[in-house]
$ cat run-v4.tsv   # TSV, C-alpha atoms
chain	number	residue	atom	x	y	z
A	1	MET	CA	108.36	81.07	97.98
A	2	PRO	CA	106.81	81.27	101.50
A	3	LYS	CA	107.19	84.60	103.30
A	4	PRO	CA	109.30	84.53	106.50
A	5	SER	CA	107.25	84.67	109.69
A	6	LEU	CA	106.39	88.10	111.04
A	7	ALA	CA	107.59	87.20	114.56
A	8	LEU	CA	111.00	86.18	113.19
A	9	LEU	CA	111.31	89.39	111.18
A	10	ALA	CA	110.26	91.49	114.20
A	11	ALA	CA	112.88	89.76	116.38
A	12	LEU	CA	115.50	90.37	113.68
A	13	ALA	CA	114.48	94.04	113.46
A	14	VAL	CA	114.88	94.44	117.25
A	15	ALA	CA	118.31	92.72	117.15
A	16	LEU	CA	119.45	94.91	114.24
A	17	GLY	CA	118.11	98.00	116.08
A	18	ALA	CA	120.14	97.12	119.17
A	19	ALA	CA	123.24	96.53	117.00
A	20	ALA	CA	122.65	99.90	115.29
A	21	VAL	CA	122.49	101.73	118.65
A	22	VAL	CA	125.78	100.10	119.74
A	23	MET	CA	127.43	100.94	116.39
A	24	VAL	CA	126.18	104.54	116.33
A	25	PHE	CA	126.96	105.50	119.93
A	26	PHE	CA	129.93	103.30	120.87
A	27	VAL	CA	131.78	102.38	117.65
A	28	ALA	CA	131.35	105.16	115.05
A	29	PRO	CA	133.53	108.19	115.79
A	30	GLU	CA	132.14	111.67	116.35
A	31	ASP	CA	132.10	113.91	113.29
A	32	VAL	CA	134.86	116.54	113.34
A	33	ASP	CA	132.63	119.37	112.07
A	34	GLN	CA	129.24	118.68	113.64
A	35	GLY	CA	130.23	116.79	116.78
A	36	ILE	CA	127.60	114.70	118.56
A	37	SER	CA	124.65	116.17	116.60
A	38	GLN	CA	125.89	114.29	113.48
A	39	LYS	CA	124.56	111.11	115.17
A	40	ILE	CA	121.08	112.23	114.03
A	41	PHE	CA	122.25	111.35	110.50
A	42	TYR	CA	122.05	107.61	111.36
A	43	VAL	CA	118.34	107.81	112.11
A	44	HIS	CA	117.24	110.67	109.82
A	45	VAL	CA	118.63	109.39	106.50
A	46	PRO	CA	117.41	105.76	106.86
A	47	ILE	CA	113.96	107.09	107.83
A	48	ALA	CA	113.90	109.32	104.73
A	49	LEU	CA	114.98	106.42	102.49
A	50	THR	CA	112.28	104.25	104.07
A	51	ALA	CA	109.67	106.93	103.36
A	52	TYR	CA	110.74	106.93	99.70
A	53	ALA	CA	110.54	103.10	99.71
A	54	GLY	CA	107.01	103.22	101.16
A	55	PHE	CA	105.82	105.65	98.49
A	56	GLY	CA	107.60	103.63	95.80
A	57	LEU	CA	106.02	100.38	96.98
A	58	GLY	CA	102.61	102.08	97.05
A	59	ALA	CA	103.10	103.14	93.44
A	60	TRP	CA	104.30	99.67	92.39
A	61	LYS	CA	101.26	98.01	94.01
A	62	GLY	CA	99.07	100.64	92.35
A	63	LEU	CA	100.59	99.74	88.97
A	64	ARG	CA	99.95	96.04	89.69
A	65	LEU	CA	96.33	96.86	90.47
A	66	LEU	CA	95.89	98.74	87.20
A	67	MET	CA	97.53	95.89	85.27
A	68	THR	CA	95.74	92.95	86.90
A	69	ARG	CA	92.55	94.53	88.39
A	70	ASN	CA	93.23	92.36	91.45
A	71	GLU	CA	91.71	94.22	94.41
A	72	ARG	CA	94.29	92.84	96.90
A	73	TYR	CA	96.81	95.32	95.47
A	74	ASP	CA	94.57	98.22	96.50
A	75	LEU	CA	94.97	97.42	100.20
A	76	GLU	CA	98.70	96.78	99.72
A	77	SER	CA	99.18	100.10	97.90
A	78	TYR	CA	97.18	101.99	100.55
A	79	THR	CA	99.16	100.38	103.42
A	80	ALA	CA	102.50	101.15	101.74
A	81	VAL	CA	101.54	104.81	101.19
A	82	HIS	CA	100.40	104.96	104.83
A	83	GLN	CA	103.81	103.63	105.96
A	84	GLY	CA	105.54	106.12	103.68
A	85	THR	CA	103.54	108.95	105.24
A	86	ILE	CA	104.38	107.88	108.82
A	87	PHE	CA	108.07	107.79	107.90
A	88	GLY	CA	107.62	111.08	106.03
A	89	VAL	CA	106.44	112.74	109.26
A	90	LEU	CA	109.45	111.27	111.05
A	91	THR	CA	111.78	112.52	108.29
A	92	LEU	CA	110.46	116.06	108.65
A	93	VAL	CA	110.61	116.01	112.47
A	94	THR	CA	114.10	114.46	112.80
A	95	GLY	CA	115.30	116.69	109.93
A	96	ALA	CA	114.02	119.79	111.74
A	97	ILE	CA	115.80	118.73	114.94
A	98	TRP	CA	119.05	118.16	113.02
A	99	ALA	CA	118.64	121.49	111.22
A	100	LYS	CA	118.23	123.29	114.55
A	101	ALA	CA	121.31	121.56	115.95
A	102	SER	CA	123.46	122.22	112.84
A	103	TRP	CA	122.16	125.41	111.23
A	104	GLY	CA	120.39	127.05	114.20
A	105	VAL	CA	116.98	127.03	112.48
A	106	TRP	CA	114.17	124.46	112.46
A	107	TRP	CA	113.44	124.93	108.77
A	108	THR	CA	114.82	126.80	105.78
A	109	TRP	CA	112.91	127.46	102.58
A	110	SER	CA	116.17	128.00	100.67
A	111	SER	CA	117.03	124.27	100.67
A	112	ASN	CA	115.54	122.62	97.59
A	113	GLN	CA	115.69	119.12	99.05
A	114	LEU	CA	113.71	120.13	102.14
A	115	VAL	CA	111.03	121.92	100.14
A	116	LEU	CA	110.74	119.11	97.58
A	117	PHE	CA	110.43	116.50	100.32
A	118	LEU	CA	107.68	118.61	101.91
A	119	VAL	CA	105.90	118.77	98.52
A	120	LEU	CA	106.20	114.98	98.16
A	121	PHE	CA	104.89	114.47	101.71
A	122	LEU	CA	101.92	116.83	101.21
A	123	PHE	CA	101.15	115.15	97.87
A	124	TYR	CA	100.79	111.81	99.64
A	125	CYS	CA	98.80	113.40	102.52
A	126	ALA	CA	96.30	114.46	99.85
A	127	TYR	CA	96.14	110.80	98.74
A	128	PHE	CA	94.15	110.02	101.90
A	129	MET	CA	91.76	112.93	101.34
A	130	LEU	CA	91.16	111.74	97.78
A	131	ARG	CA	90.77	108.09	98.78
A	132	PHE	CA	88.28	108.70	101.57
A	133	SER	CA	86.20	111.12	99.50
A	134	ILE	CA	85.26	108.29	97.09
A	135	GLU	CA	82.88	105.41	97.84
A	136	PRO	CA	84.70	102.07	98.30
A	137	GLY	CA	84.81	100.01	95.13
A	138	PRO	CA	86.69	99.57	91.84
A	139	ARG	CA	86.51	103.30	91.00
A	140	ARG	CA	88.24	104.27	94.27
A	141	GLU	CA	90.83	101.53	93.77
A	142	ARG	CA	91.73	102.77	90.28
A	143	ILE	CA	91.82	106.48	91.17
A	144	SER	CA	93.96	105.79	94.28
A	145	ALA	CA	96.35	103.67	92.21
A	146	VAL	CA	96.75	106.36	89.53
A	147	TYR	CA	97.37	109.01	92.21
A	148	ALA	CA	99.99	106.85	93.97
A	149	LEU	CA	101.70	106.33	90.59
A	150	PHE	CA	101.81	110.06	89.81
A	151	GLY	CA	103.45	110.75	93.18
A	152	VAL	CA	106.31	108.38	92.54
A	153	ALA	CA	107.62	110.77	89.86
A	154	LEU	CA	108.42	113.23	92.67
A	155	ILE	CA	110.75	110.76	94.43
A	156	PRO	CA	113.75	111.03	92.04
A	157	VAL	CA	113.18	114.80	91.79
A	158	SER	CA	113.32	115.07	95.60
A	159	PHE	CA	116.28	112.69	95.87
A	160	PHE	CA	118.42	114.31	93.19
A	161	ALA	CA	117.34	117.91	93.83
A	162	ILE	CA	120.32	118.65	96.02
A	163	ARG	CA	122.73	117.37	93.39
A	164	LEU	CA	121.02	119.16	90.51
A	165	ALA	CA	120.69	122.49	92.30
A	166	ASN	CA	124.15	122.59	93.95
A	167	ASP	CA	122.52	123.15	97.31
A	168	PHE	CA	125.23	123.92	99.85
A	169	ILE	CA	122.95	123.99	102.90
A	170	HIS	CA	121.84	120.37	102.99
A	171	PRO	CA	124.89	118.07	103.23
A	172	THR	CA	125.56	115.53	100.45
A	173	VAL	CA	126.94	112.35	101.97
A	174	PHE	CA	126.72	110.03	98.96
A	175	THR	CA	128.52	111.44	95.93
A	176	ARG	CA	129.92	109.92	92.74
A	177	GLU	CA	133.14	109.27	94.66
A	178	GLY	CA	131.25	107.10	97.18
A	179	PRO	CA	130.13	107.73	100.78
A	180	GLN	CA	131.85	110.75	102.34
A	181	MET	CA	132.47	109.13	105.75
A	182	THR	CA	134.84	106.75	107.51
A	183	GLY	CA	134.50	102.95	107.37
A	184	THR	CA	132.88	102.52	110.82
A	185	MET	CA	130.54	105.45	110.18
A	186	PHE	CA	129.42	103.83	106.94
A	187	THR	CA	128.98	100.43	108.65
A	188	ALA	CA	126.92	102.07	111.43
A	189	PHE	CA	124.80	103.77	108.77
A	190	CYS	CA	124.23	100.48	106.89
A	191	VAL	CA	123.22	98.61	110.07
A	192	SER	CA	120.88	101.45	111.05
A	193	TRP	CA	119.40	101.53	107.53
A	194	ALA	CA	118.84	97.75	107.58
A	195	ALA	CA	117.19	97.92	111.02
A	196	ILE	CA	114.81	100.73	110.07
A	197	THR	CA	113.94	99.19	106.69
A	198	LEU	CA	113.19	95.84	108.33
A	199	LEU	CA	111.15	97.55	111.06
A	200	ALA	CA	109.14	99.36	108.38
A	201	TYR	CA	108.55	96.08	106.54
A	202	VAL	CA	107.34	94.42	109.78
A	203	MET	CA	105.03	97.40	110.36
A	204	TYR	CA	103.76	97.11	106.77
A	205	ARG	CA	103.04	93.37	107.09
A	206	ALA	CA	101.37	93.74	110.53
A	207	GLU	CA	99.20	96.64	109.36
A	208	LEU	CA	98.25	94.83	106.16
A	209	SER	CA	97.33	91.71	108.13
A	210	GLY	CA	95.10	93.79	110.44
A	211	LYS	CA	93.38	95.51	107.52
A	212	ARG	CA	92.79	92.20	105.71
A	213	THR	CA	91.33	90.62	108.87
A	214	ASP	CA	89.13	93.68	109.28
A	215	ALA	CA	87.85	93.35	105.70
A	216	ASN	CA	87.25	89.61	106.10
A	217	LEU	CA	85.32	90.17	109.34
A	218	ARG	CA	83.16	92.80	107.65
A	219	ALA	CA	82.35	90.38	104.83
A	220	LEU	CA	81.57	87.62	107.33
A	221	ARG	CA	79.30	89.93	109.34
A	222	GLU	CA	77.40	90.86	106.18
A	223	ALA	CA	77.07	87.18	105.21
A	224	LEU	CA	75.75	86.28	108.67
A	225	ALA	CA	73.33	89.21	108.72
A	226	SER	CA	71.77	88.28	105.36
B	1	MET	CA	123.92	117.25	128.94
B	2	SER	CA	125.15	119.52	126.10
B	3	SER	CA	122.71	121.07	123.63
B	4	GLY	CA	124.01	118.72	120.90
B	5	GLU	CA	123.27	115.71	123.09
B	6	LYS	CA	119.77	117.06	123.79
B	7	TYR	CA	119.03	117.30	120.06
B	8	VAL	CA	120.32	113.75	119.48
B	9	ALA	CA	118.16	112.46	122.36
B	10	ALA	CA	115.15	114.34	120.94
B	11	ALA	CA	115.60	112.89	117.41
B	12	TYR	CA	115.96	109.29	118.64
B	13	GLY	CA	113.22	109.84	121.24
B	14	VAL	CA	110.73	111.02	118.60
B	15	PHE	CA	111.45	107.93	116.51
B	16	LEU	CA	111.00	105.62	119.51
B	17	LEU	CA	107.81	107.43	120.54
B	18	VAL	CA	106.26	107.04	117.07
B	19	VAL	CA	107.09	103.31	117.02
B	20	LEU	CA	105.56	102.90	120.51
B	21	VAL	CA	102.40	104.80	119.46
B	22	TRP	CA	102.17	102.57	116.38
B	23	VAL	CA	102.46	99.44	118.60
B	24	ALA	CA	99.75	100.82	120.92
B	25	ILE	CA	97.42	101.50	117.95
B	26	LEU	CA	98.07	97.99	116.61
B	27	ALA	CA	97.36	96.48	120.05
B	28	ALA	CA	94.08	98.40	120.27
B	29	LYS	CA	93.11	97.24	116.79
B	30	LEU	CA	93.98	93.63	117.64
B	31	SER	CA	91.83	93.87	120.76
B	32	ARG	CA	88.89	95.19	118.69
B	33	LEU	CA	89.32	92.44	116.10
B	34	GLU	CA	89.38	89.82	118.88
B	35	ARG	CA	86.14	91.24	120.33
B	36	GLU	CA	84.42	91.33	116.93
B	37	THR	CA	85.55	87.79	116.12
B	38	GLY	CA	84.05	86.63	119.44
B	39	GLU	CA	80.76	88.39	118.64
B	40	LEU	CA	80.63	86.77	115.20
B	41	ALA	CA	81.42	83.34	116.67
B	42	ARG	CA	78.56	83.77	119.16
B	43	LEU	CA	76.24	84.95	116.35
B	44	ALA	CA	77.19	81.97	114.16
B	45	GLY	CA	76.76	79.60	117.12
B	46	SER	CA	73.27	80.89	117.90
B	47	ARG	CA	72.03	80.19	114.35
B	48	PRO	CA	70.65	76.78	113.39
B	49	THR	CA	73.30	74.74	111.54
B	50	GLY	CA	71.05	74.55	108.44
B	51	ASP	CA	71.29	78.36	107.99
B	52	LEU	CA	75.06	78.23	107.72
B	53	ALA	CA	75.03	75.21	105.45
B	54	ASP	CA	72.58	77.01	103.12
B	55	GLY	CA	74.98	79.96	103.00

$ encode --input "run-v4.tsv" --output "structure tokens"
Amino acid sequence: MPKPSLALLAALAVALGAAAVVMVFFVAPEDVDQGISQKIFYVHVPIALTAYAGFGLGAWKGLRLLMTRNERYDLESYTAVHQGTIFGVLTLVTGAIWAKASWGVWWTWSSNQLVLFLVLFLFYCAYFMLRFSIEPGPRRERISAVYALFGVALIPVSFFAIRLANDFIHPTVFTREGPQMTGTMFTAFCVSWAAITLLAYVMYRAELSGKRTDANLRALREALAS
Amino acid sequence: MSSGEKYVAAAYGVFLLVVLVWVAILAAKLSRLERETGELARLAGSRPTGDLADG
């Protein structure tokens, strides 16, 4: 099946982003407890979920590399982990801003979900140190893939930490009884989530395309020089 | 602007800023790739056609 064009996806991401802004600020009601600062939820949570998706995709591509030995998966895994890390930084920054607005502090070490997300983020930061300390080639591809796969085990731990530890500091919006918010709030969240996920996918495809062109140019330069 | 509104503006602003920085980095990379492609095209054009056909 042919992939949809990048320009079309980018246009769709911009349209969804605009719809999300309208939904969040003009349709969804203000939260009774937190007031206007609850609006950060609509950007913070989708960003965090996108970071998890980036790390998960990196691990999946790493697994594909180990199974098939096809080197194209190395670049795909690396790009996905890179996207996950960018969104990881955004998760930590927007989370800190929300924490300051809601709890009065930028960070608290007593929240298991915060600490576990930081551990996950730092784990994937180390991925780049490991990757760039090894000479390019099959060995680097395999080691990077194995590392990306190990990291994915931290995702469910980070995601479910709050539920397992009965953490009362970090709010739990999605419980077994469903989303703990009104209908328009949930719709605004879904539109925002779709916009940010699509934006991340566009970023992933554009970055991957640039890296592949870079690699092809390098190979062409070497062929012309010989 | 209330303090709550300032925090909301900061959170959305940071997100927008990161996306804009990413677009700027991508634009710079595209510009470099365009330059390098031009250099390679000139290099390939300056070589006798037999060289390229021989691989």

$ atom_distance --input "run-v4.tsv" --atom1 "atom CA of A:Tyr42" --atom2 "atom CA of A:Phe189"
5.4 Å

$ residues_around --input "run-v4.tsv" --residues "A:Ser192" --least-positions-apart "4" --cutoff "7 Å" --atoms "all atoms listed in the file" --output "ChimeraX atom specification"
/A:17,20,42-43,46,188,196

$ write_last_selection --input "run-v4.tsv" --atoms "C-alpha atoms" --output "PDB file, in the coordinates of the input"
ATOM      1  CA  GLY A  17     118.110  98.000 116.080  1.00  0.00           C
ATOM      2  CA  ALA A  20     122.650  99.900 115.290  1.00  0.00           C
ATOM      3  CA  TYR A  42     122.050 107.610 111.360  1.00  0.00           C
ATOM      4  CA  VAL A  43     118.340 107.810 112.110  1.00  0.00           C
ATOM      5  CA  PRO A  46     117.410 105.760 106.860  1.00  0.00           C
ATOM      6  CA  ALA A 188     126.920 102.070 111.430  1.00  0.00           C
ATOM      7  CA  ILE A 196     114.810 100.730 110.070  1.00  0.00           C
TER       8      ILE A 196
END

$ interface_residues --input "run-v4.tsv" --of "chain B" --to "chain A" --cutoff "9 Å" --atoms "all atoms listed in the file" --output "ChimeraX atom specification"
/B:3-12,14-15,18,22-23,26,29-30,33,36-37,40,43-44,52,55

$ atom_distance --input "run-v4.tsv" --atom1 "atom CA of A:Val115" --atom2 "atom CA of A:Phe55"
17.2 Å

$ closest_residue --input "run-v4.tsv" --among "A:Leu130, A:Met23, A:Met67, A:Ala80" --to "A:Ser144" --atoms "only C-alpha atoms"
A:Leu130

$ residues_around --input "run-v4.tsv" --residues "A:Met129" --least-positions-apart "4" --cutoff "12 Å" --atoms "all atoms listed in the file" --output "mmCIF file with C-alpha atoms, in the coordinates of the input"
data_model
loop_
_atom_site.group_PDB
_atom_site.id
_atom_site.type_symbol
_atom_site.label_atom_id
_atom_site.label_comp_id
_atom_site.auth_asym_id
_atom_site.auth_seq_id
_atom_site.Cartn_x
_atom_site.Cartn_y
_atom_site.Cartn_z
ATOM 1 C CA LEU A 122 101.920 116.830 101.210
ATOM 2 C CA PHE A 123 101.150 115.150 97.870
ATOM 3 C CA TYR A 124 100.790 111.810 99.640
ATOM 4 C CA CYS A 125 98.800 113.400 102.520
ATOM 5 C CA SER A 133 86.200 111.120 99.500
ATOM 6 C CA ILE A 134 85.260 108.290 97.090
ATOM 7 C CA ARG A 140 88.240 104.270 94.270
ATOM 8 C CA SER A 144 93.960 105.790 94.280
ATOM 9 C CA TYR A 147 97.370 109.010 92.210
#

$ closest_residue --input "run-v4.tsv" --among "A:Phe150, A:Tyr78, A:Tyr73, A:Trp106" --to "A:Leu92" --atoms "only C-alpha atoms"
A:Trp106

$ atom_distance --input "run-v4.tsv" --atom1 "atom CA of A:Ser77" --atom2 "atom CA of A:Ala59"
6.7 Å

$ residues_near_point --input "run-v4.tsv" --point "(101.9, 103.2, 101.1)" --cutoff "9 Å" --atoms "all atoms listed in the file" --output "VMD selection string"
chain A and resid 51 53 to 59 61 76 to 85 124 148 204

$ closest_residue --input "run-v4.tsv" --among "A:Leu208, A:Ala194, A:Ala126, A:Leu65" --to "A:Ala19" --atoms "all atoms listed in the file"
A:Ala194

$ build_atoms --input "run-v4.tsv" --residues "stretch 20-31 of chain B" --atoms "all heavy atoms" --output "PDB file, in the coordinates of the input"
ATOM      1  N   LEU B  20     106.370 103.349 119.368  1.00  0.00           N
ATOM      2  CA  LEU B  20     105.560 102.900 120.510  1.00  0.00           C
ATOM      3  C   LEU B  20     104.076 103.234 120.298  1.00  0.00           C
ATOM      4  O   LEU B  20     103.208 102.422 120.617  1.00  0.00           O
ATOM      5  CB  LEU B  20     106.064 103.533 121.811  1.00  0.00           C
ATOM      6  CG  LEU B  20     107.400 102.990 122.330  1.00  0.00           C
ATOM      7  CD1 LEU B  20     107.850 103.748 123.568  1.00  0.00           C
ATOM      8  CD2 LEU B  20     107.315 101.506 122.649  1.00  0.00           C
ATOM      9  N   VAL B  21     103.797 104.411 119.754  1.00  0.00           N
ATOM     10  CA  VAL B  21     102.400 104.800 119.460  1.00  0.00           C
ATOM     11  C   VAL B  21     101.812 103.842 118.434  1.00  0.00           C
ATOM     12  O   VAL B  21     100.668 103.377 118.564  1.00  0.00           O
ATOM     13  CB  VAL B  21     102.323 106.270 118.975  1.00  0.00           C
ATOM     14  CG1 VAL B  21     100.958 106.584 118.360  1.00  0.00           C
ATOM     15  CG2 VAL B  21     102.609 107.222 120.114  1.00  0.00           C
ATOM     16  N   TRP B  22     102.628 103.509 117.424  1.00  0.00           N
ATOM     17  CA  TRP B  22     102.170 102.570 116.380  1.00  0.00           C
ATOM     18  C   TRP B  22     101.847 101.201 117.009  1.00  0.00           C
ATOM     19  O   TRP B  22     100.821 100.600 116.691  1.00  0.00           O
ATOM     20  CB  TRP B  22     103.237 102.440 115.295  1.00  0.00           C
ATOM     21  CG  TRP B  22     102.854 101.462 114.239  1.00  0.00           C
ATOM     22  CD1 TRP B  22     102.069 101.699 113.148  1.00  0.00           C
ATOM     23  CD2 TRP B  22     103.213 100.080 114.179  1.00  0.00           C
ATOM     24  NE1 TRP B  22     101.923 100.540 112.424  1.00  0.00           N
ATOM     25  CE2 TRP B  22     102.607  99.540 113.031  1.00  0.00           C
ATOM     26  CE3 TRP B  22     103.987  99.259 114.989  1.00  0.00           C
ATOM     27  CZ2 TRP B  22     102.756  98.208 112.674  1.00  0.00           C
ATOM     28  CZ3 TRP B  22     104.138  97.935 114.636  1.00  0.00           C
ATOM     29  CH2 TRP B  22     103.528  97.417 113.485  1.00  0.00           C
ATOM     30  N   VAL B  23     102.700 100.735 117.919  1.00  0.00           N
ATOM     31  CA  VAL B  23     102.460  99.440 118.600  1.00  0.00           C
ATOM     32  C   VAL B  23     101.171  99.528 119.420  1.00  0.00           C
ATOM     33  O   VAL B  23     100.357  98.580 119.411  1.00  0.00           O
ATOM     34  CB  VAL B  23     103.675  99.056 119.493  1.00  0.00           C
ATOM     35  CG1 VAL B  23     103.341  97.864 120.381  1.00  0.00           C
ATOM     36  CG2 VAL B  23     104.880  98.717 118.630  1.00  0.00           C
ATOM     37  N   ALA B  24     100.956 100.654 120.103  1.00  0.00           N
ATOM     38  CA  ALA B  24      99.750 100.820 120.920  1.00  0.00           C
ATOM     39  C   ALA B  24      98.495 100.803 120.036  1.00  0.00           C
ATOM     40  O   ALA B  24      97.483 100.176 120.392  1.00  0.00           O
ATOM     41  CB  ALA B  24      99.829 102.133 121.695  1.00  0.00           C
ATOM     42  N   ILE B  25      98.570 101.479 118.878  1.00  0.00           N
ATOM     43  CA  ILE B  25      97.420 101.500 117.950  1.00  0.00           C
ATOM     44  C   ILE B  25      97.150 100.083 117.438  1.00  0.00           C
ATOM     45  O   ILE B  25      95.998  99.643 117.380  1.00  0.00           O
ATOM     46  CB  ILE B  25      97.681 102.485 116.776  1.00  0.00           C
ATOM     47  CG1 ILE B  25      97.654 103.928 117.289  1.00  0.00           C
ATOM     48  CG2 ILE B  25      96.652 102.300 115.665  1.00  0.00           C
ATOM     49  CD1 ILE B  25      98.122 104.963 116.293  1.00  0.00           C
ATOM     50  N   LEU B  26      98.226  99.364 117.112  1.00  0.00           N
ATOM     51  CA  LEU B  26      98.070  97.990 116.610  1.00  0.00           C
ATOM     52  C   LEU B  26      97.460  97.089 117.693  1.00  0.00           C
ATOM     53  O   LEU B  26      96.590  96.258 117.400  1.00  0.00           O
ATOM     54  CB  LEU B  26      99.424  97.447 116.163  1.00  0.00           C
ATOM     55  CG  LEU B  26      99.355  96.178 115.330  1.00  0.00           C
ATOM     56  CD1 LEU B  26      98.798  96.469 113.953  1.00  0.00           C
ATOM     57  CD2 LEU B  26     100.716  95.527 115.208  1.00  0.00           C
ATOM     58  N   ALA B  27      97.902  97.286 118.940  1.00  0.00           N
ATOM     59  CA  ALA B  27      97.360  96.480 120.050  1.00  0.00           C
ATOM     60  C   ALA B  27      95.877  96.760 120.238  1.00  0.00           C
ATOM     61  O   ALA B  27      95.077  95.833 120.455  1.00  0.00           O
ATOM     62  CB  ALA B  27      98.134  96.798 121.327  1.00  0.00           C
ATOM     63  N   ALA B  28      95.484  98.033 120.129  1.00  0.00           N
ATOM     64  CA  ALA B  28      94.080  98.400 120.270  1.00  0.00           C
ATOM     65  C   ALA B  28      93.257  97.779 119.144  1.00  0.00           C
ATOM     66  O   ALA B  28      92.138  97.282 119.363  1.00  0.00           O
ATOM     67  CB  ALA B  28      93.935  99.932 120.253  1.00  0.00           C
ATOM     68  N   LYS B  29      93.814  97.810 117.936  1.00  0.00           N
ATOM     69  CA  LYS B  29      93.110  97.240 116.790  1.00  0.00           C
ATOM     70  C   LYS B  29      92.952  95.723 116.940  1.00  0.00           C
ATOM     71  O   LYS B  29      91.893  95.165 116.648  1.00  0.00           O
ATOM     72  CB  LYS B  29      93.885  97.569 115.509  1.00  0.00           C
ATOM     73  CG  LYS B  29      93.158  97.152 114.255  1.00  0.00           C
ATOM     74  CD  LYS B  29      93.799  97.716 113.019  1.00  0.00           C
ATOM     75  CE  LYS B  29      92.940  97.417 111.815  1.00  0.00           C
ATOM     76  NZ  LYS B  29      93.360  98.101 110.619  1.00  0.00           N
ATOM     77  N   LEU B  30      94.017  95.084 117.419  1.00  0.00           N
ATOM     78  CA  LEU B  30      93.980  93.630 117.640  1.00  0.00           C
ATOM     79  C   LEU B  30      92.923  93.270 118.672  1.00  0.00           C
ATOM     80  O   LEU B  30      92.178  92.291 118.513  1.00  0.00           O
ATOM     81  CB  LEU B  30      95.366  93.160 118.101  1.00  0.00           C
ATOM     82  CG  LEU B  30      95.657  91.674 117.998  1.00  0.00           C
ATOM     83  CD1 LEU B  30      95.600  91.230 116.553  1.00  0.00           C
ATOM     84  CD2 LEU B  30      97.026  91.371 118.588  1.00  0.00           C
ATOM     85  N   SER B  31      92.825  94.085 119.702  1.00  0.00           N
ATOM     86  CA  SER B  31      91.830  93.870 120.760  1.00  0.00           C
ATOM     87  C   SER B  31      90.417  94.000 120.189  1.00  0.00           C
ATOM     88  O   SER B  31      89.531  93.204 120.500  1.00  0.00           O
ATOM     89  CB  SER B  31      92.092  94.901 121.858  1.00  0.00           C
ATOM     90  OG  SER B  31      91.088  94.845 122.794  1.00  0.00           O
TER      91      SER B  31
END
